[in-house]
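Each remark here refers to the structure printed beneath this line.
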Amino acid sequence: MTPYAVVIPTLVRDTLADCLAALAAARGPRPERVVLVDDRPAASADPDPAPLEHALSVLGDLRARTIVLPGDARGPAAARNTGLRAVTEPWVVFVDDDVQVGPHWCAQLQRDLAEATPDTAGVPGVITVPLPGGRRPTDWERGTAGLARARWITADMAYRTDVLRRAGGFDERFPRAHREDADLALRLLDAGWRIRRGRRTTLHPVRAASRWASVRTQRGHADDALMRRLHGADWWDKAVSPRGRIRRHAVITAAGAAACALAATGHRRAAAACAAGWAAGTAEFARARIAPGPRTPEEVATVLATSVVIPPAATWHRLAGAWRHRHAPAWREVAR
């Protein structure tokens, strides 16, 4: 058996108990250690211990191997580094608190680790996202389903502990669960390490989200700006990641801003032309999101409202990120 530890950064959401129950029920060699990093903001108030105690109660015999560490509420990258410092096993497996490992996950993980060649630094698992049957998925559900195509997602990712430490761990300048996994993988690949896809399976359910959740995710564009600074303008190609619609969002936002400015200065015809461009771009964006979905009144209303807000939100966060990280130094080369 290859010894390994499991590190789970958590905000102690309702999903944590299901995550730990699945880990406890998985067949195969057990982890030597389970490290939970409680990353709830302590400054807001003393975190309620009841949800965490309930989640820990489902661990069964794994409870004796589990430790809980306080995080600094600086995001999953920093929380994973906190957990990494407590690991002494040769492999560390990062699992998110909103996934459920498969029933044979522990045994499958052992096979993945046994098949890892000496130049393999990491082995991600296979993520599946269950979508509803009998209807088309919503815009939010389709976005979550995209996680199954992510190459280096830390929802279930095993790394050699010593390699990860020499790499400096995760870059804590990434404050969200966005791009920090790709940044680490690119650094390791640049140093000559391999990352080979495993065969173990993990379920990533679609969590409930508010109507405006898609607007909040636009904050990730600031992390895209950091990726450009660290890995160059072609980082999208290196990470085999879709570029998205940021350029279209910028054009739509510029058209809307120009329409407002021109109208305020009395240039009505030019303002009308810009407003028409803004309306056409916004309508195309909304249609692209509505067409593949269930097209229920609630879904259509949600997409229409958020399609107006997303382009300026995305543009703002991208510009803010570019300014904030304009002098960000690149990481040192990862030693082999």
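Chain lettering (A, B, ...) mirrors the order of the structure tokens, residue numbering begins at 1 for each chain separately, and ligand numbering begins at 1 in order of display.
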Quiz prompt | Surrounding residues of A:Trp278 excluding itself and chain neighbours under 4 positions, 8 Å, only C-alpha atoms, as an MDAnalysis selection string | solution = chainID A and resid 252:253 255:256 274 282
Deliver the residues from the most recent selection as a file, using N, CA and C atoms, as a PDB file, in the first residue's frame.
ATOM      1  N   ILE A 252     -19.254  44.886 -25.287  1.00  0.00           N
ATOM      2  CA  ILE A 252     -20.612  45.234 -24.857  1.00  0.00           C
ATOM      3  C   ILE A 252     -20.568  46.332 -23.794  1.00  0.00           C
ATOM      4  N   THR A 253     -19.660  46.196 -22.844  1.00  0.00           N
ATOM      5  CA  THR A 253     -19.536  47.189 -21.778  1.00  0.00           C
ATOM      6  C   THR A 253     -19.112  48.540 -22.341  1.00  0.00           C
ATOM      7  N   ALA A 255     -19.665  49.668 -25.343  1.00  0.00           N
ATOM      8  CA  ALA A 255     -20.793  50.241 -26.081  1.00  0.00           C
ATOM      9  C   ALA A 255     -21.806  50.875 -25.129  1.00  0.00           C
ATOM     10  N   GLY A 256     -22.090  50.206 -24.023  1.00  0.00           N
ATOM     11  CA  GLY A 256     -23.028  50.767 -23.058  1.00  0.00           C
ATOM     12  C   GLY A 256     -22.504  52.024 -22.401  1.00  0.00           C
ATOM     13  N   CYS A 274     -24.658  53.465 -30.338  1.00  0.00           N
ATOM     14  CA  CYS A 274     -23.950  52.687 -29.316  1.00  0.00           C
ATOM     15  C   CYS A 274     -24.922  51.872 -28.466  1.00  0.00           C
ATOM     16  N   THR A 282     -25.954  42.273 -25.812  1.00  0.00           N
ATOM     17  CA  THR A 282     -26.584  41.693 -24.626  1.00  0.00           C
ATOM     18  C   THR A 282     -27.610  40.647 -25.022  1.00  0.00           C
TER      19      THR A 282
END
Practice problem: Name all residues at most 12 Å from A:Asp72 (count only C-alpha atoms; drop same-chain ones fewer than 4 positions away) and give them as a ChimeraX atom specification. | Solution: /A:9-11,37-43,76-83,172,175
Exercise. Using only C-alpha atoms, pick whichever of A:His221, A:Arg194, A:Arg27, A:Arg33 has the shortest atom-to-atom distance to A:Leu319.
Key: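 Nearest candidate to A:Leu319 out of A:His221, A:Arg194, A:Arg27, A:Arg33: A:His221.
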Exercise. In Å, rounded to a single decimal, give me how far atom CA of A:Val300 is from atom CA of A:Ala288.
Key: 11.5 Å
Quiz item: Among stretch 43-142 of chain A, which ones does DSSP place in alpha helix (DSSP H), written as a PyMOL selection string?
Solution: chain A and resi 49-56+76-84+105-114+139-142
Exercise. Mind checking which residues fall within 8 Å of A:Leu188, counting only C-alpha atoms, ignoring those fewer than 3 positions away in the same chain, and posting them as a PyMOL selection string?
Key: chain A and resi 121+167+184-185+191-194+334
Could you take the residues named above and write them with all heavy atoms, as an mmCIF file, in the first residue's frame?
data_model
loop_
_atom_site.group_PDB
_atom_site.id
_atom_site.type_symbol
_atom_site.label_atom_id
_atom_site.label_comp_id
_atom_site.auth_asym_id
_atom_site.auth_seq_id
_atom_site.Cartn_x
_atom_site.Cartn_y
_atom_site.Cartn_z
ATOM 1 N N ALA A 121 4.146 13.868 -11.049
ATOM 2 C CA ALA A 121 3.970 14.648 -9.821
ATOM 3 C C ALA A 121 2.552 14.583 -9.296
ATOM 4 O O ALA A 121 2.322 14.674 -8.097
ATOM 5 C CB ALA A 121 4.348 16.109 -10.072
ATOM 6 N N ALA A 167 7.740 22.891 -4.706
ATOM 7 C CA ALA A 167 7.098 23.878 -5.580
ATOM 8 C C ALA A 167 6.574 25.080 -4.814
ATOM 9 O O ALA A 167 6.138 26.056 -5.414
ATOM 10 C CB ALA A 167 5.961 23.222 -6.353
ATOM 11 N N LEU A 184 -0.647 25.895 -10.435
ATOM 12 C CA LEU A 184 0.276 24.920 -9.861
ATOM 13 C C LEU A 184 0.666 23.871 -10.900
ATOM 14 O O LEU A 184 1.848 23.522 -11.032
ATOM 15 C CB LEU A 184 -0.370 24.236 -8.650
ATOM 16 C CG LEU A 184 0.429 23.109 -8.006
ATOM 17 C CD1 LEU A 184 1.784 23.588 -7.546
ATOM 18 C CD2 LEU A 184 -0.351 22.490 -6.856
ATOM 19 N N ALA A 185 -0.304 23.384 -11.649
ATOM 20 C CA ALA A 185 -0.011 22.360 -12.650
ATOM 21 C C ALA A 185 0.948 22.886 -13.715
ATOM 22 O O ALA A 185 1.888 22.179 -14.118
ATOM 23 C CB ALA A 185 -1.315 21.878 -13.290
ATOM 24 N N ALA A 191 8.523 22.534 -15.178
ATOM 25 C CA ALA A 191 9.742 21.988 -14.572
ATOM 26 C C ALA A 191 10.048 20.572 -15.049
ATOM 27 O O ALA A 191 11.042 19.978 -14.622
ATOM 28 C CB ALA A 191 9.609 21.997 -13.051
ATOM 29 N N GLY A 192 9.209 20.037 -15.931
ATOM 30 C CA GLY A 192 9.483 18.713 -16.477
ATOM 31 C C GLY A 192 8.730 17.577 -15.832
ATOM 32 O O GLY A 192 8.900 16.409 -16.210
ATOM 33 N N TRP A 193 7.891 17.873 -14.860
ATOM 34 C CA TRP A 193 7.068 16.832 -14.241
ATOM 35 C C TRP A 193 5.884 16.490 -15.132
ATOM 36 O O TRP A 193 5.477 17.284 -15.973
ATOM 37 C CB TRP A 193 6.564 17.289 -12.870
ATOM 38 C CG TRP A 193 7.632 17.422 -11.841
ATOM 39 C CD1 TRP A 193 8.254 18.568 -11.449
ATOM 40 C CD2 TRP A 193 8.211 16.366 -11.080
ATOM 41 N NE1 TRP A 193 9.192 18.294 -10.488
ATOM 42 C CE2 TRP A 193 9.186 16.950 -10.234
ATOM 43 C CE3 TRP A 193 8.010 14.987 -11.022
ATOM 44 C CZ2 TRP A 193 9.949 16.191 -9.351
ATOM 45 C CZ3 TRP A 193 8.773 14.229 -10.144
ATOM 46 C CH2 TRP A 193 9.731 14.826 -9.325
ATOM 47 N N ARG A 194 5.327 15.327 -14.902
ATOM 48 C CA ARG A 194 4.131 14.899 -15.616
ATOM 49 C C ARG A 194 2.942 14.896 -14.665
ATOM 50 O O ARG A 194 3.105 14.704 -13.458
ATOM 51 C CB ARG A 194 4.298 13.491 -16.200
ATOM 52 C CG ARG A 194 5.380 13.362 -17.242
ATOM 53 C CD ARG A 194 5.488 11.921 -17.712
ATOM 54 N NE ARG A 194 4.228 11.444 -18.284
ATOM 55 C CZ ARG A 194 3.915 10.161 -18.432
ATOM 56 N NH1 ARG A 194 4.740 9.220 -18.005
ATOM 57 N NH2 ARG A 194 2.772 9.817 -18.979
ATOM 58 N N VAL A 334 10.445 25.290 -10.383
ATOM 59 C CA VAL A 334 10.249 24.160 -9.468
ATOM 60 C C VAL A 334 11.406 23.188 -9.644
ATOM 61 O O VAL A 334 11.719 22.741 -10.751
ATOM 62 C CB VAL A 334 8.908 23.462 -9.771
ATOM 63 C CG1 VAL A 334 8.699 22.300 -8.811
ATOM 64 C CG2 VAL A 334 7.761 24.450 -9.653
#
